[in-house]
>>> print(open('target.cif').read())   # mmCIF, C-alpha atoms
data_model
#
loop_
_atom_site.label_atom_id
_atom_site.label_comp_id
_atom_site.auth_asym_id
_atom_site.auth_seq_id
_atom_site.Cartn_x
_atom_site.Cartn_y
_atom_site.Cartn_z
CA MET A 1 30.51 -57.21 -36.65
CA CYS A 2 29.93 -55.20 -39.79
CA ASP A 3 26.50 -53.76 -39.00
CA SER A 4 25.77 -52.25 -42.37
CA CYS A 5 25.57 -55.50 -44.32
CA GLY A 6 25.71 -58.21 -41.62
CA CYS A 7 28.60 -60.03 -43.29
CA GLY A 8 30.20 -61.02 -39.96
CA ASP A 9 33.56 -59.39 -40.76
CA SER A 10 35.50 -57.97 -37.85
CA ASP A 11 36.20 -54.26 -37.33
CA LEU A 12 39.42 -52.41 -36.73
CA VAL A 13 39.22 -50.06 -33.76
CA PRO A 14 41.96 -47.58 -32.85
CA VAL A 15 42.36 -47.29 -29.08
CA THR A 16 44.27 -44.40 -27.52
CA VAL A 17 46.20 -45.71 -24.50
CA ARG A 18 48.81 -43.03 -23.55
CA GLU A 19 50.11 -45.00 -20.62
CA ARG A 20 53.70 -45.52 -19.52
CA ILE A 21 54.88 -48.97 -20.61
CA LEU A 22 56.42 -49.51 -17.18
CA VAL A 23 53.09 -48.79 -15.49
CA ASN A 24 53.19 -52.07 -13.56
CA ASN A 25 56.71 -51.41 -12.32
CA ASP A 26 55.68 -47.87 -11.34
CA ARG A 27 52.77 -49.32 -9.36
CA ALA A 28 55.04 -51.76 -7.52
CA ALA A 29 57.55 -48.96 -6.85
CA ARG A 30 54.79 -46.78 -5.36
CA HIS A 31 53.81 -49.68 -3.14
CA ASN A 32 57.41 -50.09 -1.92
CA ARG A 33 57.73 -46.33 -1.35
CA GLU A 34 54.54 -46.25 0.75
CA HIS A 35 55.99 -48.95 3.00
CA PHE A 36 59.34 -47.16 3.29
CA HIS A 37 57.70 -43.82 4.05
CA ASP A 38 55.39 -45.31 6.68
CA GLN A 39 58.37 -46.79 8.48
CA GLY A 40 60.64 -43.76 8.00
CA VAL A 41 63.38 -45.82 6.39
CA ALA A 42 65.68 -43.86 4.05
CA VAL A 43 66.20 -45.85 0.86
CA ILE A 44 69.08 -45.46 -1.57
CA ASN A 45 69.27 -47.03 -5.01
CA LEU A 46 73.04 -47.46 -5.37
CA MET A 47 74.10 -47.86 -8.98
CA GLY A 48 77.32 -47.88 -10.98
CA SER A 49 79.46 -49.96 -13.35
CA PRO A 50 80.73 -53.36 -12.28
CA GLY A 51 83.82 -52.66 -10.22
CA SER A 52 83.00 -49.00 -9.54
CA GLY A 53 83.28 -49.59 -5.79
CA LYS A 54 79.64 -49.86 -4.71
CA THR A 55 80.26 -52.69 -2.27
CA ALA A 56 83.47 -51.11 -0.94
CA VAL A 57 81.57 -47.87 -0.23
CA LEU A 58 78.97 -49.86 1.71
CA GLU A 59 81.70 -51.57 3.72
CA ALA A 60 83.32 -48.21 4.54
CA THR A 61 79.89 -46.77 5.46
CA ALA A 62 79.22 -49.70 7.79
CA ARG A 63 82.57 -49.22 9.49
CA ARG A 64 81.93 -45.50 10.01
CA LEU A 65 78.34 -45.88 11.25
CA SER A 66 78.95 -48.99 13.31
CA GLY A 67 76.77 -48.88 16.43
CA THR A 68 75.08 -45.57 15.51
CA ALA A 69 72.75 -46.57 12.70
CA SER A 70 71.01 -49.69 11.56
CA LEU A 71 71.88 -50.41 7.92
CA GLY A 72 70.59 -53.03 5.53
CA VAL A 73 71.33 -53.95 1.96
CA LEU A 74 69.50 -55.73 -0.82
CA VAL A 75 72.21 -56.73 -3.25
CA GLY A 76 71.33 -57.40 -6.88
CA ASP A 77 73.70 -59.56 -8.87
CA LEU A 78 73.40 -61.74 -11.94
CA ALA A 79 74.97 -64.63 -10.07
CA THR A 80 76.61 -65.35 -6.70
CA ASP A 81 75.86 -63.78 -3.35
CA ASN A 82 79.50 -62.71 -2.87
CA ASP A 83 78.66 -59.04 -2.38
CA ALA A 84 75.93 -59.85 0.14
CA ARG A 85 78.45 -61.92 2.09
CA ARG A 86 81.00 -59.08 1.93
CA VAL A 87 78.64 -56.50 3.41
CA ARG A 88 77.39 -58.99 6.02
CA ALA A 89 80.99 -59.43 7.12
CA ALA A 90 81.12 -55.64 7.57
CA GLY A 91 78.16 -55.88 9.95
CA ILE A 92 75.20 -54.97 7.72
CA VAL A 93 72.14 -57.17 7.33
CA ALA A 94 72.04 -58.19 3.68
CA GLU A 95 70.07 -60.34 1.31
CA ALA A 96 71.05 -61.15 -2.26
CA ILE A 97 68.65 -60.80 -5.18
CA THR A 98 70.08 -63.05 -7.87
CA THR A 99 68.60 -61.83 -11.11
CA GLY A 100 69.80 -64.64 -13.39
CA SER A 101 70.01 -62.95 -16.75
CA ALA A 102 68.31 -59.65 -15.90
CA CYS A 103 70.64 -56.68 -16.11
CA HIS A 104 68.74 -54.55 -13.58
CA LEU A 105 66.50 -54.77 -10.54
CA ASP A 106 62.83 -53.92 -10.83
CA ALA A 107 60.37 -52.87 -8.14
CA ASP A 108 58.83 -56.32 -7.86
CA MET A 109 62.20 -58.03 -7.26
CA VAL A 110 62.87 -55.48 -4.51
CA HIS A 111 59.46 -56.12 -3.00
CA LYS A 112 60.13 -59.87 -2.87
CA GLY A 113 63.61 -59.23 -1.49
CA LEU A 114 62.09 -57.17 1.34
CA HIS A 115 60.22 -60.25 2.53
CA ARG A 116 63.57 -61.81 3.40
CA LEU A 117 65.08 -58.78 5.14
CA PRO A 118 64.07 -57.26 8.53
CA TRP A 119 63.89 -53.87 6.81
CA ARG A 120 61.37 -52.23 9.17
CA GLN A 121 64.05 -51.97 11.85
CA LEU A 122 66.49 -50.16 9.58
CA ASP A 123 67.49 -46.51 9.45
CA VAL A 124 68.89 -46.80 5.95
CA LEU A 125 68.23 -49.43 3.32
CA PHE A 126 70.63 -49.59 0.39
CA ILE A 127 69.55 -51.33 -2.76
CA GLU A 128 72.80 -52.20 -4.48
CA ASN A 129 71.73 -52.52 -8.09
CA VAL A 130 73.27 -54.78 -10.71
CA GLY A 131 76.56 -53.31 -11.94
CA ASN A 132 75.43 -51.57 -15.13
CA LEU A 133 75.22 -47.92 -16.22
CA VAL A 134 72.30 -48.34 -18.62
CA CYS A 135 69.35 -50.49 -17.63
CA PRO A 136 68.93 -49.79 -13.88
CA ALA A 137 68.33 -46.09 -14.62
CA VAL A 138 64.99 -46.88 -16.26
CA TYR A 139 63.37 -48.66 -13.30
CA ASP A 140 61.93 -46.91 -10.26
CA LEU A 141 62.29 -49.16 -7.19
CA GLY A 142 60.59 -46.93 -4.63
CA GLN A 143 63.84 -45.32 -3.43
CA ASP A 144 64.25 -41.84 -1.98
CA ALA A 145 67.48 -41.13 -3.81
CA ASN A 146 69.65 -42.44 -6.62
CA VAL A 147 73.34 -42.56 -5.82
CA VAL A 148 75.78 -43.44 -8.59
CA ALA A 149 79.31 -44.67 -7.85
CA LEU A 150 81.78 -43.51 -10.49
CA SER A 151 85.38 -44.50 -9.99
CA VAL A 152 88.22 -42.27 -11.15
CA THR A 153 89.66 -45.23 -13.07
CA GLU A 154 86.65 -45.32 -15.40
CA GLY A 155 87.67 -42.28 -17.43
CA GLU A 156 86.49 -38.69 -17.44
CA ASP A 157 83.82 -39.04 -20.10
CA LYS A 158 81.65 -41.72 -18.47
CA PRO A 159 78.89 -39.17 -17.65
CA LEU A 160 78.70 -38.14 -21.33
CA LYS A 161 78.56 -41.76 -22.50
CA TYR A 162 75.79 -42.74 -20.06
CA PRO A 163 73.79 -39.52 -19.69
CA THR A 164 70.50 -41.09 -18.56
CA MET A 165 72.11 -42.76 -15.54
CA PHE A 166 73.85 -39.57 -14.39
CA ARG A 167 70.88 -37.33 -15.16
CA LYS A 168 68.82 -39.40 -12.73
CA ALA A 169 71.48 -39.33 -10.00
CA ASP A 170 70.80 -37.26 -6.89
CA LEU A 171 74.40 -37.77 -5.86
CA VAL A 172 77.54 -39.05 -7.56
CA LEU A 173 80.16 -40.69 -5.36
CA LEU A 174 83.49 -40.27 -7.09
CA THR A 175 85.25 -43.37 -5.77
CA LYS A 176 88.85 -44.59 -5.49
CA VAL A 177 90.23 -41.04 -5.27
CA ASP A 178 93.25 -42.43 -3.41
CA LEU A 179 94.41 -43.62 -6.85
CA LEU A 180 94.50 -40.09 -8.34
CA PRO A 181 98.23 -39.55 -7.71
CA ILE A 182 99.07 -42.41 -10.06
CA LEU A 183 96.38 -41.57 -12.66
CA LYS A 184 98.26 -38.68 -14.27
CA ASP A 185 95.75 -38.05 -17.06
CA ILE A 186 92.62 -37.96 -14.94
CA SER A 187 91.33 -34.57 -13.82
CA VAL A 188 88.56 -34.37 -11.23
CA ALA A 189 87.66 -30.91 -12.57
CA ARG A 190 86.98 -32.40 -16.01
CA ILE A 191 84.83 -35.18 -14.49
CA GLU A 192 82.84 -32.50 -12.64
CA GLU A 193 82.52 -30.43 -15.81
CA ASN A 194 81.18 -33.48 -17.70
CA LEU A 195 78.73 -34.24 -14.91
CA SER A 196 77.38 -30.68 -15.05
CA MET A 197 76.48 -31.28 -18.71
CA VAL A 198 74.16 -34.18 -17.86
CA MET A 199 73.10 -33.43 -14.26
CA PRO A 200 71.03 -30.27 -13.82
CA ARG A 201 71.92 -30.21 -10.10
CA PRO A 202 75.40 -31.70 -9.92
CA ALA A 203 76.14 -33.14 -6.48
CA ILE A 204 79.45 -34.91 -6.11
CA ILE A 205 81.34 -36.30 -3.13
CA ALA A 206 84.86 -37.63 -3.69
CA VAL A 207 85.55 -40.68 -1.54
CA SER A 208 88.05 -43.41 -0.92
CA ALA A 209 86.93 -46.58 0.83
CA THR A 210 90.61 -47.42 1.36
CA THR A 211 91.79 -44.23 3.11
CA GLY A 212 88.39 -43.09 4.42
CA GLU A 213 88.66 -39.74 2.60
CA GLY A 214 85.23 -38.19 1.98
CA ILE A 215 83.37 -40.84 3.97
CA ASP A 216 82.43 -38.22 6.60
CA ALA A 217 80.83 -35.99 3.97
CA TRP A 218 78.97 -38.98 2.53
CA VAL A 219 77.74 -40.07 5.96
CA GLN A 220 76.54 -36.50 6.61
CA TRP A 221 74.61 -36.55 3.34
CA LEU A 222 73.04 -39.87 4.42
CA SER A 223 72.19 -38.52 7.88
CA ALA A 224 70.38 -35.54 6.37
CA LEU A 225 68.26 -37.87 4.24
CA ARG A 226 67.66 -40.13 7.22
CA GLU A 227 66.45 -37.22 9.37
CA GLU A 228 64.19 -36.00 6.59
CA ARG A 229 62.56 -39.43 6.22
CA ARG A 230 62.19 -39.90 9.96
CA ALA A 231 60.54 -36.49 10.40
CA ALA A 232 58.23 -37.18 7.46
CA ALA A 233 57.20 -40.54 8.96
CA VAL A 234 56.26 -38.84 12.24
CA VAL A 235 54.07 -36.40 10.32
CA ARG A 236 52.48 -39.29 8.37
CA ALA A 237 51.77 -41.23 11.56
CA GLY A 238 50.02 -38.17 13.00
CA HIS A 239 47.56 -37.96 10.12
CA MET B 1 69.42 -55.10 -22.61
CA HIS B 2 66.38 -53.97 -20.67
CA GLU B 3 64.72 -53.42 -24.07
CA TYR B 4 63.56 -57.05 -23.87
CA SER B 5 61.99 -56.52 -20.44
CA ILE B 6 60.25 -53.41 -21.67
CA VAL B 7 58.81 -55.26 -24.67
CA GLN B 8 57.53 -57.94 -22.27
CA SER B 9 55.86 -55.29 -20.09
CA MET B 10 54.25 -53.84 -23.20
CA PHE B 11 52.87 -57.25 -24.25
CA ASP B 12 51.32 -57.64 -20.78
CA GLN B 13 49.78 -54.18 -21.09
CA ILE B 14 48.40 -54.85 -24.59
CA GLU B 15 47.10 -58.32 -23.69
CA GLU B 16 45.16 -56.83 -20.78
CA LEU B 17 43.68 -54.18 -23.04
CA ALA B 18 42.79 -56.73 -25.71
CA ARG B 19 41.09 -58.94 -23.12
CA GLU B 20 39.04 -56.01 -21.80
CA ARG B 21 37.88 -55.20 -25.31
CA GLN B 22 37.50 -58.86 -26.35
CA ALA B 23 39.76 -58.20 -29.31
CA LEU B 24 40.57 -60.99 -31.78
CA SER B 25 43.99 -59.60 -32.55
CA VAL B 26 46.13 -56.48 -32.56
CA LYS B 27 46.86 -54.89 -35.92
CA ARG B 28 49.11 -51.99 -35.04
CA VAL B 29 51.08 -50.70 -32.06
CA CYS B 30 52.25 -47.08 -31.70
CA VAL B 31 54.83 -46.15 -29.10
CA ARG B 32 56.44 -42.84 -28.08
CA VAL B 33 60.05 -43.02 -26.90
CA GLY B 34 62.08 -40.06 -25.67
CA GLN B 35 65.68 -39.72 -26.76
CA ALA B 36 66.73 -39.30 -23.13
CA ALA B 37 64.66 -42.22 -21.83
CA GLY B 38 67.55 -44.66 -21.78
CA LEU B 39 66.05 -46.93 -24.43
CA ASP B 40 67.84 -47.95 -27.61
CA VAL B 41 65.12 -47.74 -30.25
CA SER B 42 66.70 -50.16 -32.73
CA LEU B 43 67.22 -52.78 -29.98
CA PHE B 44 63.67 -52.16 -28.83
CA LYS B 45 62.35 -52.81 -32.37
CA THR B 46 64.46 -55.96 -32.70
CA ALA B 47 63.20 -57.21 -29.34
CA TYR B 48 59.62 -56.51 -30.39
CA ASP B 49 59.97 -58.34 -33.71
CA THR B 50 61.69 -61.28 -32.06
CA PHE B 51 59.16 -61.77 -29.30
CA ARG B 52 55.86 -60.85 -30.93
CA VAL B 53 55.69 -64.26 -32.65
CA HIS B 54 52.99 -66.37 -30.95
CA THR B 55 51.67 -63.38 -29.01
CA ILE B 56 48.57 -61.29 -29.63
CA CYS B 57 50.87 -58.78 -31.39
CA GLU B 58 52.04 -61.28 -34.01
CA ASP B 59 50.36 -59.36 -36.86
CA ALA B 60 50.94 -55.89 -35.48
CA PRO B 61 53.76 -53.78 -36.89
CA MET B 62 55.12 -51.30 -34.33
CA GLU B 63 55.59 -47.60 -35.05
CA VAL B 64 57.98 -45.71 -32.82
CA ASP B 65 57.68 -41.95 -32.55
CA GLU B 66 60.96 -40.59 -31.18
CA VAL B 67 60.66 -37.50 -29.00
CA PRO B 68 63.68 -35.19 -28.94
CA GLU B 69 65.42 -34.38 -25.67
CA ARG B 70 64.56 -30.81 -24.75
CA TRP B 71 65.79 -28.86 -21.72
CA SER B 72 64.33 -25.53 -20.69
CA CYS B 73 64.65 -22.85 -18.02
CA PRO B 74 62.07 -23.28 -15.21
CA ASN B 75 61.80 -19.46 -15.09
CA GLY B 76 60.72 -19.26 -18.73
CA HIS B 77 64.00 -18.05 -20.23
CA GLY B 78 63.71 -20.51 -23.09
CA ASP B 79 65.48 -23.69 -24.12
CA ILE B 80 68.93 -24.80 -23.04
CA GLN B 81 70.97 -26.57 -25.69
CA PRO B 82 72.30 -29.99 -24.74
CA GLY B 83 76.08 -30.37 -24.82
CA ARG B 84 76.71 -27.58 -22.35
CA ARG B 85 76.07 -26.94 -18.66
CA LEU B 86 72.43 -27.74 -17.79
CA ALA B 87 71.69 -24.35 -16.26
CA CYS B 88 69.95 -21.26 -17.61
CA GLU B 89 72.45 -18.71 -18.93
CA THR B 90 70.15 -15.85 -17.94
CA CYS B 91 69.15 -16.74 -14.36
CA GLY B 92 71.44 -19.64 -13.50
CA ARG B 93 68.59 -21.94 -12.43
CA PRO B 94 69.11 -25.69 -13.08
CA ALA B 95 67.50 -26.73 -16.36
CA ARG B 96 64.37 -28.84 -16.44
CA LEU B 97 63.85 -31.75 -18.83
CA ALA B 98 60.84 -30.54 -20.82
CA SER B 99 60.54 -33.66 -22.98
CA GLY B 100 62.42 -36.76 -24.02
CA ASP B 101 62.01 -38.95 -20.94
CA GLU B 102 58.90 -40.82 -22.04
CA ILE B 103 58.38 -44.51 -22.82
CA VAL B 104 54.68 -44.54 -23.60
CA LEU B 105 52.24 -46.91 -25.26
CA GLU B 106 50.39 -44.32 -27.29
CA ARG B 107 47.84 -46.22 -29.36
CA VAL B 108 46.89 -49.70 -30.53
CA GLU B 109 44.63 -50.84 -33.34
CA LEU B 110 42.46 -53.75 -32.30
CA GLU B 111 40.49 -56.18 -34.40
CA VAL B 112 37.16 -56.64 -32.65
CA PRO B 113 34.25 -58.95 -33.50
#
>>> encode(input="target.cif", output="C-alpha cells")
Amino acid sequence: MCDSCGCGDSDLVPVTVRERILVNNDRAARHNREHFHDQGVAVINLMGSPGSGKTAVLEATARRLSGTASLGVLVGDLATDNDARRVRAAGIVAEAITTGSACHLDADMVHKGLHRLPWRQLDVLFIENVGNLVCPAVYDLGQDANVVALSVTEGEDKPLKYPTMFRKADLVLLTKVDLLPILKDISVARIEENLSMVMPRPAIIAVSATTGEGIDAWVQWLSALREERRAAAVVRAGH
Amino acid sequence: MHEYSIVQSMFDQIEELARERQALSVKRVCVRVGQAAGLDVSLFKTAYDTFRVHTICEDAPMEVDEVPERWSCPNGHGDIQPGRRLACETCGRPARLASGDEIVLERVELEVP
C-alpha cells in the first residue's frame, strides 16, 4: 500500500534472488548422490549422440565384467525400451526411463527410476542418457563421472561444435575405432587435438565394442572409480 | 530444447518467491546466462515469451545478461584465450573456467499490496 497518501496503490519491490535456476534439480541430484555415496555405488552418466555406441559399450562392458562385478543401467529414451532390453540380454539389470518428449534426463527422473531398480546391490550404475549432445550436459543427476561416447564416424569437429558437453566430460570414449581403416579422412590425432581445446583435462580411451579393443583400459578406469567409491563409503560408514 | 524445461523451472522458482512475498504480479525478471552454460539465449527468450502467458510472469519482460566465457590459469598466470589448448602456456596447468557457466535468476521486480 502507498503509505504516504493511503491511496491503496500497490508498490513495486525489486528482489535480489541470485539463485541457480536449476536449484530444484541440483537439490534432487544432491539427494541421489548422498544415496549413492552411502552405498558405495560408482555412478556414471553416459552421454553421447544417438548412435554413438553407448549401448554397445555397455554390452561389451557387461561381457568383460561378467561374474566379477554387479552392473546396472537406467536407460533414458524418448520412446521404446529397446536399449534396456538389449543390455538386459547382455546380463545387466536395467530399467528404462521413457522421457516422452524430454530431450534429457533430470535428477528427479533418475530418482524415480531408482525405485524400480535394485541399485543398492550394484558396484556400478550407468545412467545411459538420452542420445543428445546438448541438453543432458546441463543437468546434474548425482553421478560421480560424466562419460561421453564419441564415435569416429561422427567427424573430427564434434567437440568444437558441442563444447559444453565435452567440457563437462571426465572421460571421452572414442568408439567404433575398428572402422578407422575404412574412414580415410578421419584422424584420431585431430579428434584429440579438438578435445584438448574444450576439455581442460583431456582423457580419452579409444574402444571398439566389436573387436574388444580398448575395453580393458575402459574397465580399468571403471575399476579405479569403483574402488574409490567403495573406500569412501567405508570411511562414511565409520563416521 | 531444454530451454523450455529451464523456463519451467524458473516459473516454479518465481511463483514460490511471489507466494512468500504475497506478490500480486511480477513486473520484471532479470537472468544471468553464461556463454558456456549450454543454453541458447534466443531460444530461451522465445520459450519464456511463449510460456509466460497465463502465468504470474505474464506482464514481466525478461532481461538476459550474457556472461562471457573466461578461462584462467589456476596458478595466477592470467587468462587463457578460447580456441586453443585449455592449458596455461606458462606453467602447463589445466585451465579453470573462471566465468560463463552460470544460469542464474538474478533479480525480480514484484508488485506487492
>>> closest_residue(input="target.cif", among="A:Asn24, A:Gln121, A:Ser52, A:Thr98", to="Gln39 of chain A", atoms="all atoms listed in the file")
A:Gln121
>>> resolve_selection(input="target.cif", expression="the PyMOL selection byres ((chain B) within 9 of (chain A))", output="PDB file with C-alpha atoms, keeping the file's coordinate frame")
ATOM      1  CA  MET B   1      69.420 -55.100 -22.610  1.00  0.00           C
ATOM      2  CA  HIS B   2      66.380 -53.970 -20.670  1.00  0.00           C
ATOM      3  CA  GLU B   3      64.720 -53.420 -24.070  1.00  0.00           C
ATOM      4  CA  SER B   5      61.990 -56.520 -20.440  1.00  0.00           C
ATOM      5  CA  ILE B   6      60.250 -53.410 -21.670  1.00  0.00           C
ATOM      6  CA  VAL B   7      58.810 -55.260 -24.670  1.00  0.00           C
ATOM      7  CA  SER B   9      55.860 -55.290 -20.090  1.00  0.00           C
ATOM      8  CA  MET B  10      54.250 -53.840 -23.200  1.00  0.00           C
ATOM      9  CA  GLN B  13      49.780 -54.180 -21.090  1.00  0.00           C
ATOM     10  CA  LEU B  17      43.680 -54.180 -23.040  1.00  0.00           C
ATOM     11  CA  LEU B  24      40.570 -60.990 -31.780  1.00  0.00           C
ATOM     12  CA  VAL B  26      46.130 -56.480 -32.560  1.00  0.00           C
ATOM     13  CA  LYS B  27      46.860 -54.890 -35.920  1.00  0.00           C
ATOM     14  CA  ARG B  28      49.110 -51.990 -35.040  1.00  0.00           C
ATOM     15  CA  VAL B  31      54.830 -46.150 -29.100  1.00  0.00           C
ATOM     16  CA  ARG B  32      56.440 -42.840 -28.080  1.00  0.00           C
ATOM     17  CA  ALA B  36      66.730 -39.300 -23.130  1.00  0.00           C
ATOM     18  CA  ALA B  37      64.660 -42.220 -21.830  1.00  0.00           C
ATOM     19  CA  GLY B  38      67.550 -44.660 -21.780  1.00  0.00           C
ATOM     20  CA  LEU B  39      66.050 -46.930 -24.430  1.00  0.00           C
ATOM     21  CA  PRO B  82      72.300 -29.990 -24.740  1.00  0.00           C
ATOM     22  CA  GLY B  83      76.080 -30.370 -24.820  1.00  0.00           C
ATOM     23  CA  ARG B  84      76.710 -27.580 -22.350  1.00  0.00           C
ATOM     24  CA  ARG B  85      76.070 -26.940 -18.660  1.00  0.00           C
ATOM     25  CA  LEU B  86      72.430 -27.740 -17.790  1.00  0.00           C
ATOM     26  CA  ALA B  87      71.690 -24.350 -16.260  1.00  0.00           C
ATOM     27  CA  ARG B  93      68.590 -21.940 -12.430  1.00  0.00           C
ATOM     28  CA  PRO B  94      69.110 -25.690 -13.080  1.00  0.00           C
ATOM     29  CA  ALA B  95      67.500 -26.730 -16.360  1.00  0.00           C
ATOM     30  CA  ARG B  96      64.370 -28.840 -16.440  1.00  0.00           C
ATOM     31  CA  LEU B  97      63.850 -31.750 -18.830  1.00  0.00           C
ATOM     32  CA  GLU B 102      58.900 -40.820 -22.040  1.00  0.00           C
ATOM     33  CA  ILE B 103      58.380 -44.510 -22.820  1.00  0.00           C
ATOM     34  CA  VAL B 104      54.680 -44.540 -23.600  1.00  0.00           C
ATOM     35  CA  LEU B 105      52.240 -46.910 -25.260  1.00  0.00           C
ATOM     36  CA  GLU B 106      50.390 -44.320 -27.290  1.00  0.00           C
ATOM     37  CA  ARG B 107      47.840 -46.220 -29.360  1.00  0.00           C
ATOM     38  CA  VAL B 108      46.890 -49.700 -30.530  1.00  0.00           C
ATOM     39  CA  GLU B 109      44.630 -50.840 -33.340  1.00  0.00           C
ATOM     40  CA  LEU B 110      42.460 -53.750 -32.300  1.00  0.00           C
ATOM     41  CA  GLU B 111      40.490 -56.180 -34.400  1.00  0.00           C
ATOM     42  CA  VAL B 112      37.160 -56.640 -32.650  1.00  0.00           C
ATOM     43  CA  PRO B 113      34.250 -58.950 -33.500  1.00  0.00           C
TER      44      PRO B 113
END
>>> closest_residue(input="target.cif", among="A:Arg64, A:Trp218, A:Glu59, A:Asp108", to="Arg86 of chain A", atoms="only C-alpha atoms")
A:Glu59
>>> atom_distance(input="target.cif", atom1="atom CA of Asp49 of chain B", atom2="atom CA of Cys30 of chain B")
13.8 Å
>>> residues_around(input="target.cif", residues="Val188 of chain A", least_positions_apart="6", cutoff="10 Å", atoms="all atoms listed in the file", output="NGL selection string")
:A and (152 or 156 or 174 or 177 or 180 or 194 or 206)
>>> resolve_selection(input="target.cif", expression="the PyMOL selection byres ((chain B and resi 48) around 9)", output="list in words")
Glu3, Tyr4, Val7, Gln8, Leu43, Phe44, Lys45, Thr46, Ala47, Asp49, Thr50, Phe51, Arg52, Val53 and Met62 of chain B
>>> atom_distance(input="target.cif", atom1="atom CA of Lys168 of chain A", atom2="atom CA of Asp83 of chain A")
24.3 Å
>>> atom_distance(input="target.cif", atom1="atom CA of Leu65 of chain A", atom2="atom CA of Thr210 of chain A")
15.8 Å
>>> resolve_selection(input="target.cif", expression="the PyMOL selection byres ((chain A and resi 37) around 12)", output="VMD selection string")
chain A and resid 30 to 36 38 to 43 120 123 to 125 142 to 144 226 228 to 237
>>> closest_residue(input="target.cif", among="B:Val41, B:Cys91, B:Val33, B:Cys57", to="Ala18 of chain B", atoms="all atoms listed in the file")
B:Cys57
>>> residues_around(input="target.cif", residues="Val148 of chain A", least_positions_apart="2", cutoff="9 Å", atoms="only C-alpha atoms", output="mmCIF file with C-alpha atoms, in the frame of the given file")
data_model
loop_
_atom_site.group_PDB
_atom_site.id
_atom_site.type_symbol
_atom_site.label_atom_id
_atom_site.label_comp_id
_atom_site.auth_asym_id
_atom_site.auth_seq_id
_atom_site.Cartn_x
_atom_site.Cartn_y
_atom_site.Cartn_z
ATOM 1 C CA ASN A 45 69.270 -47.030 -5.010
ATOM 2 C CA LEU A 46 73.040 -47.460 -5.370
ATOM 3 C CA MET A 47 74.100 -47.860 -8.980
ATOM 4 C CA GLY A 48 77.320 -47.880 -10.980
ATOM 5 C CA SER A 49 79.460 -49.960 -13.350
ATOM 6 C CA LYS A 54 79.640 -49.860 -4.710
ATOM 7 C CA LEU A 133 75.220 -47.920 -16.220
ATOM 8 C CA ASN A 146 69.650 -42.440 -6.620
ATOM 9 C CA LEU A 150 81.780 -43.510 -10.490
ATOM 10 C CA MET A 165 72.110 -42.760 -15.540
ATOM 11 C CA PHE A 166 73.850 -39.570 -14.390
ATOM 12 C CA ALA A 169 71.480 -39.330 -10.000
ATOM 13 C CA ASP A 170 70.800 -37.260 -6.890
ATOM 14 C CA LEU A 171 74.400 -37.770 -5.860
ATOM 15 C CA VAL A 172 77.540 -39.050 -7.560
ATOM 16 C CA LEU A 173 80.160 -40.690 -5.360
ATOM 17 C CA LEU A 174 83.490 -40.270 -7.090
#
>>> axis_aligned_box(input="target.cif", around="segment 88-106 of chain B", padding_each_side="6 Å", output="lines of an AutoDock Vina configuration file")
center_x = 61.4
center_y = -31.4
center_z = -19.9
size_x = 34.1
size_y = 43.1
size_z = 26.9
>>> residues_around(input="target.cif", residues="Thr211 of chain A", least_positions_apart="2", cutoff="10 Å", atoms="only C-alpha atoms", output="PyMOL selection string")
chain A and resi 60+176-178+207-209+213-215
>>> closest_residue(input="target.cif", among="B:Ser25, B:Ser72, B:Ser42, B:Thr55", to="Ser99 of chain B", atoms="all atoms listed in the file")
B:Ser72
>>> closest_residue(input="target.cif", among="A:Glu128, A:Asp26, A:Asp216, A:Asp157", to="Val73 of chain A", atoms="all atoms listed in the file")
A:Glu128
>>> build_atoms(input="target.cif", residues="segment 76-87 of chain B", atoms="N, CA and C atoms", output="mmCIF file, in the frame of the given file")
data_model
loop_
_atom_site.group_PDB
_atom_site.id
_atom_site.type_symbol
_atom_site.label_atom_id
_atom_site.label_comp_id
_atom_site.auth_asym_id
_atom_site.auth_seq_id
_atom_site.Cartn_x
_atom_site.Cartn_y
_atom_site.Cartn_z
ATOM 1 N N GLY B 76 61.252 -19.717 -17.447
ATOM 2 C CA GLY B 76 60.720 -19.260 -18.730
ATOM 3 C C GLY B 76 61.708 -18.511 -19.602
ATOM 4 N N HIS B 77 63.001 -18.712 -19.377
ATOM 5 C CA HIS B 77 64.000 -18.050 -20.230
ATOM 6 C C HIS B 77 64.363 -18.877 -21.465
ATOM 7 N N GLY B 78 63.499 -19.779 -21.845
ATOM 8 C CA GLY B 78 63.710 -20.510 -23.090
ATOM 9 C C GLY B 78 64.491 -21.796 -22.934
ATOM 10 N N ASP B 79 64.834 -22.377 -24.090
ATOM 11 C CA ASP B 79 65.480 -23.690 -24.120
ATOM 12 C C ASP B 79 66.970 -23.593 -23.821
ATOM 13 N N ILE B 80 67.497 -24.689 -23.290
ATOM 14 C CA ILE B 80 68.930 -24.800 -23.040
ATOM 15 C C ILE B 80 69.454 -25.915 -23.943
ATOM 16 N N GLN B 81 70.455 -25.583 -24.730
ATOM 17 C CA GLN B 81 70.970 -26.570 -25.690
ATOM 18 C C GLN B 81 71.743 -27.663 -24.962
ATOM 19 N N PRO B 82 71.489 -28.935 -25.335
ATOM 20 C CA PRO B 82 72.300 -29.990 -24.740
ATOM 21 C C PRO B 82 73.760 -29.849 -25.192
ATOM 22 N N GLY B 83 74.676 -30.461 -24.463
ATOM 23 C CA GLY B 83 76.080 -30.370 -24.820
ATOM 24 C C GLY B 83 76.789 -29.235 -24.111
ATOM 25 N N ARG B 84 76.097 -28.590 -23.205
ATOM 26 C CA ARG B 84 76.710 -27.580 -22.350
ATOM 27 C C ARG B 84 76.123 -27.730 -20.946
ATOM 28 N N ARG B 85 76.564 -26.890 -20.027
ATOM 29 C CA ARG B 85 76.070 -26.940 -18.660
ATOM 30 C C ARG B 85 74.542 -26.847 -18.622
ATOM 31 N N LEU B 86 73.896 -27.712 -17.816
ATOM 32 C CA LEU B 86 72.430 -27.740 -17.790
ATOM 33 C C LEU B 86 71.891 -26.704 -16.801
ATOM 34 N N ALA B 87 72.206 -25.443 -17.079
ATOM 35 C CA ALA B 87 71.690 -24.350 -16.260
ATOM 36 C C ALA B 87 71.353 -23.199 -17.194
#
